[in-house]
Amino acid sequence: MTVAEEPRIASAVVSGVRRTLIDLGQWPRVRARAIARMPKVRSWIDSALDGSWCPVAYHIVILESVAAEYGDDGIAAFGRARLLDNMSGGVLSPILRSWMRSYGGAPGHLLRVSPHVWRAVTRDLGRMVVVEMGERATRFRIEEMPEEARRCVAWHRFLEGYGVALLEAGSYPGAHVEISLGETPRQLEGSVRW
């Protein structure tokens, strides 16, 4: 795999995750666990990330460390906290606030923009598509997703928490988001109900 094909995520996403963990007082434990899981993270874990993009492995090791430290419920709660942090500041805040003003009362419309967010913050990490849109539910898929990212259950739980918080911010309490591996290789399945 060449560097150009390496799955990447926006450096701002990883930096934002780290900032939220610091704000929540969880960073020291997660940092120690990440270093134990992948010792080479010492080279970047406390530094500003260079450039616009970084390897998705950086994001994965942090999310897996959060899940190892706090469990499935903890990583989902962290996903919710991350959405709230993104709404108040950071690279995605103007976009999220604009979408909430425009689509917050119509979750289906709000969810239609999710593929655009995925495309904006990832490179060579698959393509998100909405495959079915109903009155109170939608299904989506991430196609051609590299296996390392696809199999990261911590990321699934994080995205579920993030999605629930997004819908709740749009006045849809009790929303449910579920992400699973599905039957097709290199594909992730998702369903959302509100």
# chains A, B, ... in the order shown; residues from 1 in each chain; ligands from 1

$ closest_atom_pairs --of "stretch 99-151 of chain A" --to "stretch 46-67 of chain A" --cutoff "9 Å" --atoms "only C-alpha atoms" --output "CSV"
residue,atom,partner,partner_atom,distance
A:Val121,CA,A:Trp53,CA,8.7
A:Thr122,CA,A:Trp53,CA,8.3
A:Arg123,CA,A:Trp53,CA,8.3
A:Leu125,CA,A:Val56,CA,8.3
A:Glu148,CA,A:Ala57,CA,8.2
A:Ala149,CA,A:Ile60,CA,7.1

$ residues_around --residues "A:Ile75" --least-positions-apart "3" --cutoff "7 Å" --atoms "only C-alpha atoms" --output "count of residues only"
10

$ closest_residue --among "A:Arg80, A:Arg141, A:Arg19, A:Arg127" --to "A:Thr184" --atoms "only C-alpha atoms"
A:Arg141

$ atom_distance --atom1 "atom CA of A:Arg29" --atom2 "atom CA of A:Ile9"
23.2 Å

$ closest_residue --among "A:His176, A:Trp99, A:Arg31, A:Ile142" --to "A:Arg119" --atoms "only C-alpha atoms"
A:Ile142

$ closest_residue --among "A:Glu178, A:Glu5, A:Glu135, A:Glu147" --to "A:Gly190" --atoms "only C-alpha atoms"
A:Glu178

$ residues_around --residues "A:Val13" --least-positions-apart "2" --cutoff "9 Å" --atoms "only C-alpha atoms" --output "list in words"
Ile9, Ala10, Ser11, Ser15, Gly16, Val17, Arg18, His59, Gly90, Val91, Leu92 and Val121 of chain A

$ residues_around --residues "A:Ala137" --least-positions-apart "6" --cutoff "10 Å" --atoms "only C-alpha atoms" --output "PDB file with N, CA and C atoms, in the first residue's frame"
ATOM      1  N   PRO A 107     -35.029  14.738  10.560  1.00  0.00           N
ATOM      2  CA  PRO A 107     -33.850  13.887  10.663  1.00  0.00           C
ATOM      3  C   PRO A 107     -33.447  13.222   9.353  1.00  0.00           C
ATOM      4  N   GLY A 108     -34.412  12.860   8.533  1.00  0.00           N
ATOM      5  CA  GLY A 108     -34.073  12.244   7.254  1.00  0.00           C
ATOM      6  C   GLY A 108     -33.202  13.146   6.413  1.00  0.00           C
ATOM      7  N   LEU A 111     -29.734  13.366   7.967  1.00  0.00           N
ATOM      8  CA  LEU A 111     -28.924  12.176   7.712  1.00  0.00           C
ATOM      9  C   LEU A 111     -28.442  12.086   6.265  1.00  0.00           C
ATOM     10  N   ALA A 175     -33.713   8.452  19.974  1.00  0.00           N
ATOM     11  CA  ALA A 175     -33.199   7.961  18.691  1.00  0.00           C
ATOM     12  C   ALA A 175     -32.284   6.768  18.938  1.00  0.00           C
ATOM     13  N   HIS A 176     -32.174   5.922  17.929  1.00  0.00           N
ATOM     14  CA  HIS A 176     -31.328   4.729  18.041  1.00  0.00           C
ATOM     15  C   HIS A 176     -30.480   4.609  16.778  1.00  0.00           C
ATOM     16  N   VAL A 177     -29.185   4.384  16.973  1.00  0.00           N
ATOM     17  CA  VAL A 177     -28.252   4.177  15.864  1.00  0.00           C
ATOM     18  C   VAL A 177     -27.549   2.854  16.113  1.00  0.00           C
ATOM     19  N   SER A 191     -28.035   1.477  10.720  1.00  0.00           N
ATOM     20  CA  SER A 191     -29.459   1.805  10.726  1.00  0.00           C
ATOM     21  C   SER A 191     -29.694   2.875  11.783  1.00  0.00           C
ATOM     22  N   VAL A 192     -30.641   3.737  11.473  1.00  0.00           N
ATOM     23  CA  VAL A 192     -30.986   4.847  12.360  1.00  0.00           C
ATOM     24  C   VAL A 192     -32.508   4.882  12.478  1.00  0.00           C
ATOM     25  N   ARG A 193     -33.011   4.976  13.708  1.00  0.00           N
ATOM     26  CA  ARG A 193     -34.451   5.116  13.947  1.00  0.00           C
ATOM     27  C   ARG A 193     -34.675   6.315  14.863  1.00  0.00           C
ATOM     28  N   TRP A 194     -35.766   7.011  14.624  1.00  0.00           N
ATOM     29  CA  TRP A 194     -36.113   8.149  15.470  1.00  0.00           C
ATOM     30  C   TRP A 194     -37.603   8.211  15.663  1.00  0.00           C
TER      31      TRP A 194
END

$ atom_distance --atom1 "atom CA of A:Tyr162" --atom2 "atom CA of A:Ala76"
7.3 Å

$ select_by_dssp --residues "stretch 23-154 of chain A" --states "alpha helix (DSSP H)" --output "PyMOL selection string"
chain A and resi 23+27-37+56-88+93-103+107-112+114-121+147-150+153-154

$ residues_around --residues "A:Gly174" --least-positions-apart "6" --cutoff "12 Å" --atoms "only C-alpha atoms" --output "PyMOL selection string"
chain A and resi 136+161+163-168+192-194

$ write_last_selection --atoms "N, CA and C atoms" --output "JSON list (two decimals), in the first residue's frame"
[["chain", "number", "residue", "atom", "x", "y", "z"],
["A", 136, "ARG", "N", -39.43, 7.29, 9.54],
["A", 136, "ARG", "CA", -38.84, 7.33, 10.88],
["A", 136, "ARG", "C", -37.58, 6.48, 11.00],
["A", 161, "GLY", "N", -22.98, 6.60, 19.36],
["A", 161, "GLY", "CA", -23.20, 7.66, 20.34],
["A", 161, "GLY", "C", -23.24, 9.03, 19.70],
["A", 163, "GLY", "N", -24.11, 9.71, 16.59],
["A", 163, "GLY", "CA", -25.36, 9.83, 15.83],
["A", 163, "GLY", "C", -26.56, 10.07, 16.71],
["A", 164, "VAL", "N", -26.64, 9.37, 17.84],
["A", 164, "VAL", "CA", -27.74, 9.58, 18.77],
["A", 164, "VAL", "C", -27.74, 11.02, 19.27],
["A", 165, "ALA", "N", -26.57, 11.53, 19.64],
["A", 165, "ALA", "CA", -26.49, 12.91, 20.12],
["A", 165, "ALA", "C", -26.89, 13.91, 19.04],
["A", 166, "LEU", "N", -26.53, 13.62, 17.79],
["A", 166, "LEU", "CA", -26.90, 14.50, 16.69],
["A", 166, "LEU", "C", -28.43, 14.56, 16.55],
["A", 167, "LEU", "N", -29.08, 13.41, 16.60],
["A", 167, "LEU", "CA", -30.54, 13.40, 16.49],
["A", 167, "LEU", "C", -31.20, 14.02, 17.72],
["A", 168, "GLU", "N", -30.65, 13.77, 18.89],
["A", 168, "GLU", "CA", -31.21, 14.38, 20.10],
["A", 168, "GLU", "C", -31.05, 15.89, 20.06],
["A", 192, "VAL", "N", -30.64, 3.74, 11.47],
["A", 192, "VAL", "CA", -30.99, 4.85, 12.36],
["A", 192, "VAL", "C", -32.51, 4.88, 12.48],
["A", 193, "ARG", "N", -33.01, 4.98, 13.71],
["A", 193, "ARG", "CA", -34.45, 5.12, 13.95],
["A", 193, "ARG", "C", -34.68, 6.32, 14.86],
["A", 194, "TRP", "N", -35.77, 7.01, 14.62],
["A", 194, "TRP", "CA", -36.11, 8.15, 15.47],
["A", 194, "TRP", "C", -37.60, 8.21, 15.66]]
